[in-house]
Protein chains: 2
Amino acid sequence: MNKSILYKGCLEPIILKLLNENRRMYGYEITQRVKDLTKGELNISEGALYPLLHRLEAEGILEAEMENIGNRVRKYYSLTKDGKKQKSAAMSELQNFIDTLQLLLNPKLA
Amino acid sequence: MNKSILYKGCLEPIILKLLNENRRMYGYEITQRVKDLTKGELNISEGALYPLLHRLEAEGILEAEMENIGNRVRKYYSLTKDGKKQKSAAMSELQNFIDTLQLLLNPKLA
DNA sequence: CAAATATACATAAACAGGTAATACATTGGG
DNA sequence: CCCAATGTATTACCTGTTTATGTATATTTG
């Protein structure tokens, strides 16, 4: 039905991966990067993104620094030391998930 | 966190695929088959499975026939003609989802 | 120059699809 | 004889989304 529901639970590992590769990013930048990387397939909504970033910051997985760009404020996020461990765990979980799906879709190649 | 949440939305296409390959299956059989195929990784809970089977039957995607096995009753499900179309749609959605995830995990191979 | 669009963050309500627990009944093995 | 496995089913709850709304600045376009 609604294919976007498939992405439930994927957002966190995606963000951790992007932050691992890019050192620091701000929210809007993440949405655009993801849209770009997925050729428009995946559009992260703000209602999903910002609460998640706040939660990850509260959990000590991310740390944030504000920066003024003209009259605007940007909030840059980056991985903490804990976040890097968390990132590895999240990535292998996601990889495992994909592998398991592949087992289901194509048992013969297992 | 909870990796099982990743599988949200995957249950329907998985069931349609299994029924497409096996002509007819009953609920418990589906849970065991999935557990088997995924080497114990994915355990479908009854609270997820039965409501979904009922919904798909109500939507005309599946049809059911009861069968007595000794003193027990089994409910076999199979795809309707509509269900076979639905199955194709669901499978390509799931494949697209996996491809998109791969784009995110490994942009260089895209 | 006004209007539309893009940038940028944030929050609340509603929703969907799960989990976990519970229930009930039959069957087979130790 | 009890307990695990088989088999269908329902319910309360949880979680991570979507959708809608709000605020504000910057840039493009007719």
# chains A, B, ... in the order shown; residues from 1 in each chain; ligands from 1

call {"tool": "residues_around", "arguments": {"residues": "DT15 of chain D", "least_positions_apart": "4", "cutoff": "12 Å", "atoms": "only C-alpha atoms (C1' of nucleotides)", "output": "PyMOL selection string"}}
result
(chain A and resi 8-9+48) or (chain B and resi 1-6+8) or (chain C and resi 15-19)

call {"tool": "closest_atom_pairs", "arguments": {"of": "chain B", "to": "chain A", "cutoff": "9 Å", "atoms": "only C-alpha atoms", "output": "Markdown table"}}
result
| residue | atom | partner | partner_atom | distance |
| --- | --- | --- | --- | --- |
| B:Met1 | CA | A:Ala90 | CA | 7.9 |
| B:Asn2 | CA | A:Gly9 | CA | 8.4 |
| B:Lys3 | CA | A:Glu93 | CA | 6.8 |
| B:Ser4 | CA | A:Gly9 | CA | 8.7 |
| B:Ile5 | CA | A:Gly9 | CA | 5.8 |
| B:Leu6 | CA | A:Gly9 | CA | 4.9 |
| B:Tyr7 | CA | A:Leu6 | CA | 7.3 |
| B:Lys8 | CA | A:Leu6 | CA | 5.9 |
| B:Gly9 | CA | A:Leu6 | CA | 5.0 |
| B:Cys10 | CA | A:Leu6 | CA | 6.5 |
| B:Ile14 | CA | A:Leu104 | CA | 7.4 |
| B:Lys17 | CA | A:Leu105 | CA | 8.0 |
| B:Leu18 | CA | A:Leu104 | CA | 8.9 |
| B:Val34 | CA | A:Leu104 | CA | 7.5 |
| B:Leu37 | CA | A:Leu104 | CA | 6.2 |
| B:Thr38 | CA | A:Thr100 | CA | 5.8 |
| B:Lys39 | CA | A:Thr100 | CA | 8.5 |
| B:Glu41 | CA | A:Thr100 | CA | 7.2 |
| B:Leu42 | CA | A:Thr100 | CA | 7.9 |
| B:Ala90 | CA | A:Met1 | CA | 7.7 |
| B:Met91 | CA | A:Leu105 | CA | 8.8 |
| B:Glu93 | CA | A:Lys3 | CA | 6.8 |
| B:Leu94 | CA | A:Leu6 | CA | 8.0 |
| B:Gln95 | CA | A:Leu105 | CA | 8.8 |
| B:Phe97 | CA | A:Leu6 | CA | 7.3 |
| B:Ile98 | CA | A:Ile98 | CA | 7.1 |
| B:Thr100 | CA | A:Thr38 | CA | 5.8 |
| B:Leu101 | CA | A:Thr38 | CA | 8.0 |
| B:Gln102 | CA | A:Ile98 | CA | 8.8 |
| B:Leu103 | CA | A:Thr38 | CA | 6.1 |
| B:Leu104 | CA | A:Leu37 | CA | 6.2 |
| B:Leu105 | CA | A:Ile14 | CA | 7.9 |
| B:Pro107 | CA | A:Leu37 | CA | 7.0 |

call {"tool": "atom_distance", "arguments": {"atom1": "atom CA of Leu16 of chain A", "atom2": "atom CA of Lys87 of chain A"}}
result
5.4 Å

call {"tool": "closest_atom_pairs", "arguments": {"of": "chain D", "to": "chain B", "cutoff": "12 Å", "atoms": "only C-alpha atoms (C1' of nucleotides)", "output": "JSON lines"}}
result
{"residue": "D:DA5", "atom": "C1'", "partner": "B:Tyr28", "partner_atom": "CA", "distance": 11.4}
{"residue": "D:DT6", "atom": "C1'", "partner": "B:Tyr28", "partner_atom": "CA", "distance": 8.0}
{"residue": "D:DG7", "atom": "C1'", "partner": "B:Tyr28", "partner_atom": "CA", "distance": 6.4}
{"residue": "D:DT8", "atom": "C1'", "partner": "B:Arg74", "partner_atom": "CA", "distance": 8.1}
{"residue": "D:DA9", "atom": "C1'", "partner": "B:Tyr50", "partner_atom": "CA", "distance": 7.4}
{"residue": "D:DT10", "atom": "C1'", "partner": "B:Gly47", "partner_atom": "CA", "distance": 8.1}
{"residue": "D:DT11", "atom": "C1'", "partner": "B:Gly47", "partner_atom": "CA", "distance": 9.2}
{"residue": "D:DA12", "atom": "C1'", "partner": "B:Gly47", "partner_atom": "CA", "distance": 11.4}
{"residue": "D:DC14", "atom": "C1'", "partner": "B:Ile5", "partner_atom": "CA", "distance": 10.9}
{"residue": "D:DT15", "atom": "C1'", "partner": "B:Ile5", "partner_atom": "CA", "distance": 8.3}
{"residue": "D:DG16", "atom": "C1'", "partner": "B:Ile5", "partner_atom": "CA", "distance": 8.6}
{"residue": "D:DT17", "atom": "C1'", "partner": "B:Lys8", "partner_atom": "CA", "distance": 10.8}

call {"tool": "atom_distance", "arguments": {"atom1": "atom C1' of DT19 of chain D", "atom2": "atom C1' of DA14 of chain C"}}
result
8.2 Å

call {"tool": "atom_distance", "arguments": {"atom1": "atom C1' of DT21 of chain D", "atom2": "atom CA of Leu49 of chain A"}}
result
16.2 Å

call {"tool": "select_by_dssp", "arguments": {"residues": "chain B", "states": "helix (DSSP H, G or I)", "output": "PyMOL selection string"}}
result
chain B and resi 3-7+11-22+27-37+46-58+81-105+107-109

call {"tool": "calpha_fit_and_write", "arguments": {"fixed": "chain A", "moving": "chain B", "output": "PDB file with C-alpha atoms, in the first residue's frame"}}
result
ATOM      1  CA  MET B   1      -0.155   0.104  -0.066  1.00  0.00           C
ATOM      2  CA  ASN B   2       1.803   2.956   1.346  1.00  0.00           C
ATOM      3  CA  LYS B   3       5.366   2.176   0.434  1.00  0.00           C
ATOM      4  CA  SER B   4       6.774   4.862   2.692  1.00  0.00           C
ATOM      5  CA  ILE B   5       5.944   2.699   5.652  1.00  0.00           C
ATOM      6  CA  LEU B   6       8.664   0.316   4.543  1.00  0.00           C
ATOM      7  CA  TYR B   7      11.232   2.876   5.593  1.00  0.00           C
ATOM      8  CA  LYS B   8      10.123   2.811   9.204  1.00  0.00           C
ATOM      9  CA  GLY B   9      13.136   2.339  11.410  1.00  0.00           C
ATOM     10  CA  CYS B  10      15.596   3.045   8.590  1.00  0.00           C
ATOM     11  CA  LEU B  11      15.858   6.742   9.277  1.00  0.00           C
ATOM     12  CA  GLU B  12      18.153   6.462  12.279  1.00  0.00           C
ATOM     13  CA  PRO B  13      20.819   4.287  10.618  1.00  0.00           C
ATOM     14  CA  ILE B  14      20.662   6.460   7.514  1.00  0.00           C
ATOM     15  CA  ILE B  15      21.346   9.598   9.513  1.00  0.00           C
ATOM     16  CA  LEU B  16      24.155   7.971  11.459  1.00  0.00           C
ATOM     17  CA  LYS B  17      25.757   6.816   8.248  1.00  0.00           C
ATOM     18  CA  LEU B  18      25.579  10.232   6.601  1.00  0.00           C
ATOM     19  CA  LEU B  19      27.001  11.920   9.674  1.00  0.00           C
ATOM     20  CA  ASN B  20      29.766   9.390   9.830  1.00  0.00           C
ATOM     21  CA  GLU B  21      30.790  10.228   6.295  1.00  0.00           C
ATOM     22  CA  ASN B  22      30.319  13.955   6.380  1.00  0.00           C
ATOM     23  CA  ARG B  23      31.521  14.903   9.854  1.00  0.00           C
ATOM     24  CA  ARG B  24      28.720  17.415  10.335  1.00  0.00           C
ATOM     25  CA  MET B  25      25.404  18.188   8.707  1.00  0.00           C
ATOM     26  CA  TYR B  26      22.285  20.191   9.459  1.00  0.00           C
ATOM     27  CA  GLY B  27      18.717  18.957   9.275  1.00  0.00           C
ATOM     28  CA  TYR B  28      17.620  20.414   5.999  1.00  0.00           C
ATOM     29  CA  GLU B  29      20.867  19.325   4.418  1.00  0.00           C
ATOM     30  CA  ILE B  30      20.155  15.746   5.461  1.00  0.00           C
ATOM     31  CA  THR B  31      16.724  15.760   3.848  1.00  0.00           C
ATOM     32  CA  GLN B  32      18.182  17.097   0.606  1.00  0.00           C
ATOM     33  CA  ARG B  33      21.086  14.679   0.606  1.00  0.00           C
ATOM     34  CA  VAL B  34      18.796  11.727   1.100  1.00  0.00           C
ATOM     35  CA  LYS B  35      16.438  12.921  -1.597  1.00  0.00           C
ATOM     36  CA  ASP B  36      19.429  13.318  -3.872  1.00  0.00           C
ATOM     37  CA  LEU B  37      21.034   9.968  -3.084  1.00  0.00           C
ATOM     38  CA  THR B  38      17.765   8.119  -3.572  1.00  0.00           C
ATOM     39  CA  LYS B  39      16.891  10.011  -6.751  1.00  0.00           C
ATOM     40  CA  GLY B  40      13.775  11.441  -5.187  1.00  0.00           C
ATOM     41  CA  GLU B  41      12.549   8.114  -3.857  1.00  0.00           C
ATOM     42  CA  LEU B  42      12.883   8.925  -0.177  1.00  0.00           C
ATOM     43  CA  ASN B  43      11.726  12.254   1.206  1.00  0.00           C
ATOM     44  CA  ILE B  44      12.289  12.618   4.904  1.00  0.00           C
ATOM     45  CA  SER B  45       9.564  14.635   6.569  1.00  0.00           C
ATOM     46  CA  GLU B  46      10.409  17.234   9.190  1.00  0.00           C
ATOM     47  CA  GLY B  47       8.042  15.615  11.649  1.00  0.00           C
ATOM     48  CA  ALA B  48      10.208  12.525  11.520  1.00  0.00           C
ATOM     49  CA  LEU B  49      13.599  14.166  11.275  1.00  0.00           C
ATOM     50  CA  TYR B  50      13.701  16.828  13.959  1.00  0.00           C
ATOM     51  CA  PRO B  51      12.310  14.787  16.844  1.00  0.00           C
ATOM     52  CA  LEU B  52      14.792  12.062  15.941  1.00  0.00           C
ATOM     53  CA  LEU B  53      17.738  14.470  15.878  1.00  0.00           C
ATOM     54  CA  HIS B  54      16.657  15.839  19.247  1.00  0.00           C
ATOM     55  CA  ARG B  55      16.346  12.363  20.687  1.00  0.00           C
ATOM     56  CA  LEU B  56      19.758  11.296  19.406  1.00  0.00           C
ATOM     57  CA  GLU B  57      21.277  14.438  20.858  1.00  0.00           C
ATOM     58  CA  ALA B  58      19.605  13.819  24.209  1.00  0.00           C
ATOM     59  CA  GLU B  59      20.974  10.281  24.165  1.00  0.00           C
ATOM     60  CA  GLY B  60      24.492  11.523  23.600  1.00  0.00           C
ATOM     61  CA  ILE B  61      24.751   9.955  20.181  1.00  0.00           C
ATOM     62  CA  LEU B  62      24.873  13.297  18.434  1.00  0.00           C
ATOM     63  CA  GLU B  63      26.145  16.695  19.475  1.00  0.00           C
ATOM     64  CA  ALA B  64      24.976  19.974  17.991  1.00  0.00           C
ATOM     65  CA  GLU B  65      26.494  23.358  17.377  1.00  0.00           C
ATOM     66  CA  MET B  66      24.623  26.420  16.257  1.00  0.00           C
ATOM     67  CA  GLU B  67      26.009  28.579  13.522  1.00  0.00           C
ATOM     68  CA  ASN B  68      24.854  31.871  12.105  1.00  0.00           C
ATOM     69  CA  ILE B  69      24.531  32.048   8.354  1.00  0.00           C
ATOM     70  CA  GLY B  70      23.611  35.620   7.633  1.00  0.00           C
ATOM     71  CA  ASN B  71      20.500  36.189   9.707  1.00  0.00           C
ATOM     72  CA  ARG B  72      19.657  32.539   9.833  1.00  0.00           C
ATOM     73  CA  VAL B  73      20.628  29.963  12.384  1.00  0.00           C
ATOM     74  CA  ARG B  74      21.795  26.543  11.352  1.00  0.00           C
ATOM     75  CA  LYS B  75      22.137  23.644  13.722  1.00  0.00           C
ATOM     76  CA  TYR B  76      24.972  21.361  12.768  1.00  0.00           C
ATOM     77  CA  TYR B  77      24.996  17.823  14.109  1.00  0.00           C
ATOM     78  CA  SER B  78      27.921  15.459  14.414  1.00  0.00           C
ATOM     79  CA  LEU B  79      28.558  12.018  15.875  1.00  0.00           C
ATOM     80  CA  THR B  80      29.940  11.747  19.393  1.00  0.00           C
ATOM     81  CA  LYS B  81      32.355   8.964  20.309  1.00  0.00           C
ATOM     82  CA  ASP B  82      29.349   6.996  21.533  1.00  0.00           C
ATOM     83  CA  GLY B  83      27.607   7.853  18.303  1.00  0.00           C
ATOM     84  CA  LYS B  84      30.312   6.190  16.272  1.00  0.00           C
ATOM     85  CA  LYS B  85      29.820   2.918  18.109  1.00  0.00           C
ATOM     86  CA  GLN B  86      26.096   3.286  17.731  1.00  0.00           C
ATOM     87  CA  LYS B  87      26.573   3.916  14.039  1.00  0.00           C
ATOM     88  CA  SER B  88      28.429   0.631  13.574  1.00  0.00           C
ATOM     89  CA  ALA B  89      25.732  -1.274  15.410  1.00  0.00           C
ATOM     90  CA  ALA B  90      22.974   0.396  13.440  1.00  0.00           C
ATOM     91  CA  MET B  91      24.688  -0.271  10.132  1.00  0.00           C
ATOM     92  CA  SER B  92      25.171  -3.963  10.752  1.00  0.00           C
ATOM     93  CA  GLU B  93      21.565  -4.210  11.887  1.00  0.00           C
ATOM     94  CA  LEU B  94      20.437  -2.603   8.670  1.00  0.00           C
ATOM     95  CA  GLN B  95      22.723  -4.798   6.602  1.00  0.00           C
ATOM     96  CA  ASN B  96      21.413  -7.859   8.416  1.00  0.00           C
ATOM     97  CA  PHE B  97      17.887  -6.709   7.696  1.00  0.00           C
ATOM     98  CA  ILE B  98      18.620  -6.378   3.996  1.00  0.00           C
ATOM     99  CA  ASP B  99      20.310  -9.780   3.923  1.00  0.00           C
ATOM    100  CA  THR B 100      17.316 -11.361   5.614  1.00  0.00           C
ATOM    101  CA  LEU B 101      14.973  -9.772   3.105  1.00  0.00           C
ATOM    102  CA  GLN B 102      17.140 -11.158   0.329  1.00  0.00           C
ATOM    103  CA  LEU B 103      16.871 -14.609   1.868  1.00  0.00           C
ATOM    104  CA  LEU B 104      13.121 -14.283   1.644  1.00  0.00           C
ATOM    105  CA  LEU B 105      13.055 -12.887  -1.855  1.00  0.00           C
ATOM    106  CA  ASN B 106      15.658 -15.169  -3.278  1.00  0.00           C
ATOM    107  CA  PRO B 107      16.284 -18.245  -1.103  1.00  0.00           C
ATOM    108  CA  LYS B 108      18.221 -19.972  -3.847  1.00  0.00           C
ATOM    109  CA  LEU B 109      21.041 -17.476  -3.754  1.00  0.00           C
ATOM    110  CA  ALA B 110      21.529 -17.886  -0.008  1.00  0.00           C
TER     111      ALA B 110
END

call {"tool": "closest_atom_pairs", "arguments": {"of": "chain C", "to": "chain A", "cutoff": "9 Å", "atoms": "only C-alpha atoms (C1' of nucleotides)", "output": "JSON lines"}}
result
{"residue": "C:DT7", "atom": "C1'", "partner": "A:Tyr28", "partner_atom": "CA", "distance": 7.8}
{"residue": "C:DA8", "atom": "C1'", "partner": "A:Tyr28", "partner_atom": "CA", "distance": 6.5}
{"residue": "C:DC9", "atom": "C1'", "partner": "A:Tyr50", "partner_atom": "CA", "distance": 8.1}
{"residue": "C:DA10", "atom": "C1'", "partner": "A:Tyr50", "partner_atom": "CA", "distance": 7.3}
{"residue": "C:DT11", "atom": "C1'", "partner": "A:Gly47", "partner_atom": "CA", "distance": 8.0}
{"residue": "C:DA16", "atom": "C1'", "partner": "A:Ile5", "partner_atom": "CA", "distance": 8.2}
{"residue": "C:DG17", "atom": "C1'", "partner": "A:Ile5", "partner_atom": "CA", "distance": 8.7}

call {"tool": "write_last_selection", "arguments": {"atoms": "C-alpha atoms (C1' of nucleotides)", "output": "PDB file, in the first residue's frame"}}
result
ATOM      1  C1'  DT C   7      15.791  27.429   3.060  1.00  0.00           C
ATOM      2  C1'  DA C   8      15.621  26.293   8.027  1.00  0.00           C
ATOM      3  C1'  DC C   9      13.896  24.795  12.382  1.00  0.00           C
ATOM      4  C1'  DA C  10      10.131  23.080  15.334  1.00  0.00           C
ATOM      5  C1'  DT C  11       5.954  20.730  17.361  1.00  0.00           C
ATOM      6  C1'  DA C  16      -0.608   2.286  10.740  1.00  0.00           C
ATOM      7  C1'  DG C  17       1.393  -1.771  11.623  1.00  0.00           C
TER       8       DG C  17
END

call {"tool": "select_by_dssp", "arguments": {"residues": "chain A", "states": "strand (DSSP E or B)", "output": "JSON list (two decimals) with N, CA, C and O atoms, in the first residue's frame"}}
result
[["chain", "number", "residue", "atom", "x", "y", "z"],
["A", 25, "MET", "N", 26.47, 17.78, 9.62],
["A", 25, "MET", "CA", 25.42, 18.18, 8.69],
["A", 25, "MET", "C", 24.29, 18.82, 9.48],
["A", 25, "MET", "O", 24.13, 18.57, 10.67],
["A", 26, "TYR", "N", 23.49, 19.64, 8.81],
["A", 26, "TYR", "CA", 22.31, 20.19, 9.47],
["A", 26, "TYR", "C", 21.07, 19.54, 8.88],
["A", 26, "TYR", "O", 21.13, 18.92, 7.81],
["A", 62, "LEU", "N", 24.51, 12.12, 19.24],
["A", 62, "LEU", "CA", 24.88, 13.29, 18.43],
["A", 62, "LEU", "C", 25.17, 14.48, 19.34],
["A", 62, "LEU", "O", 24.68, 14.56, 20.45],
["A", 63, "GLU", "N", 26.00, 15.38, 18.80],
["A", 63, "GLU", "CA", 26.14, 16.67, 19.47],
["A", 63, "GLU", "C", 25.90, 17.77, 18.45],
["A", 63, "GLU", "O", 26.15, 17.58, 17.25],
["A", 64, "ALA", "N", 25.39, 18.89, 18.92],
["A", 64, "ALA", "CA", 24.97, 19.95, 18.00],
["A", 64, "ALA", "C", 25.72, 21.24, 18.29],
["A", 64, "ALA", "O", 26.10, 21.53, 19.41],
["A", 65, "GLU", "N", 25.95, 22.01, 17.22],
["A", 65, "GLU", "CA", 26.49, 23.36, 17.40],
["A", 65, "GLU", "C", 25.72, 24.29, 16.48],
["A", 65, "GLU", "O", 25.48, 24.01, 15.32],
["A", 66, "MET", "N", 25.33, 25.43, 17.04],
["A", 66, "MET", "CA", 24.58, 26.41, 16.27],
["A", 66, "MET", "C", 25.57, 27.25, 15.47],
["A", 66, "MET", "O", 26.68, 27.50, 15.91],
["A", 67, "GLU", "N", 25.10, 27.71, 14.33],
["A", 67, "GLU", "CA", 25.94, 28.59, 13.53],
["A", 67, "GLU", "C", 25.07, 29.61, 12.81],
["A", 67, "GLU", "O", 24.02, 29.26, 12.29],
["A", 68, "ASN", "N", 25.53, 30.84, 12.81],
["A", 68, "ASN", "CA", 24.77, 31.87, 12.13],
["A", 68, "ASN", "C", 25.18, 31.99, 10.67],
["A", 68, "ASN", "O", 26.35, 32.20, 10.36],
["A", 69, "ILE", "N", 24.19, 31.88, 9.80],
["A", 69, "ILE", "CA", 24.42, 32.06, 8.38],
["A", 69, "ILE", "C", 23.57, 33.25, 7.96],
["A", 69, "ILE", "O", 22.37, 33.13, 7.77],
["A", 72, "ARG", "N", 20.14, 33.80, 9.61],
["A", 72, "ARG", "CA", 19.56, 32.51, 9.95],
["A", 72, "ARG", "C", 20.44, 31.73, 10.90],
["A", 72, "ARG", "O", 21.64, 31.96, 10.99],
["A", 73, "VAL", "N", 19.82, 30.80, 11.58],
["A", 73, "VAL", "CA", 20.58, 29.91, 12.45],
["A", 73, "VAL", "C", 20.53, 28.50, 11.89],
["A", 73, "VAL", "O", 19.46, 27.99, 11.56],
["A", 74, "ARG", "N", 21.67, 27.92, 11.78],
["A", 74, "ARG", "CA", 21.75, 26.52, 11.39],
["A", 74, "ARG", "C", 22.22, 25.71, 12.58],
["A", 74, "ARG", "O", 23.04, 26.17, 13.37],
["A", 75, "LYS", "N", 21.71, 24.48, 12.65],
["A", 75, "LYS", "CA", 22.12, 23.60, 13.75],
["A", 75, "LYS", "C", 22.85, 22.42, 13.14],
["A", 75, "LYS", "O", 22.25, 21.54, 12.53],
["A", 76, "TYR", "N", 24.15, 22.43, 13.32],
["A", 76, "TYR", "CA", 24.97, 21.34, 12.78],
["A", 76, "TYR", "C", 25.06, 20.19, 13.78],
["A", 76, "TYR", "O", 25.32, 20.41, 14.95],
["A", 77, "TYR", "N", 24.88, 18.99, 13.26],
["A", 77, "TYR", "CA", 25.00, 17.81, 14.11],
["A", 77, "TYR", "C", 26.22, 17.00, 13.69],
["A", 77, "TYR", "O", 26.58, 16.94, 12.52],
["A", 78, "SER", "N", 26.84, 16.37, 14.70],
["A", 78, "SER", "CA", 27.93, 15.44, 14.40],
["A", 78, "SER", "C", 27.90, 14.28, 15.39],
["A", 78, "SER", "O", 27.29, 14.38, 16.46],
["A", 79, "LEU", "N", 28.53, 13.20, 15.02],
["A", 79, "LEU", "CA", 28.57, 12.02, 15.88],
["A", 79, "LEU", "C", 29.49, 12.23, 17.08],
["A", 79, "LEU", "O", 30.58, 12.78, 16.94]]
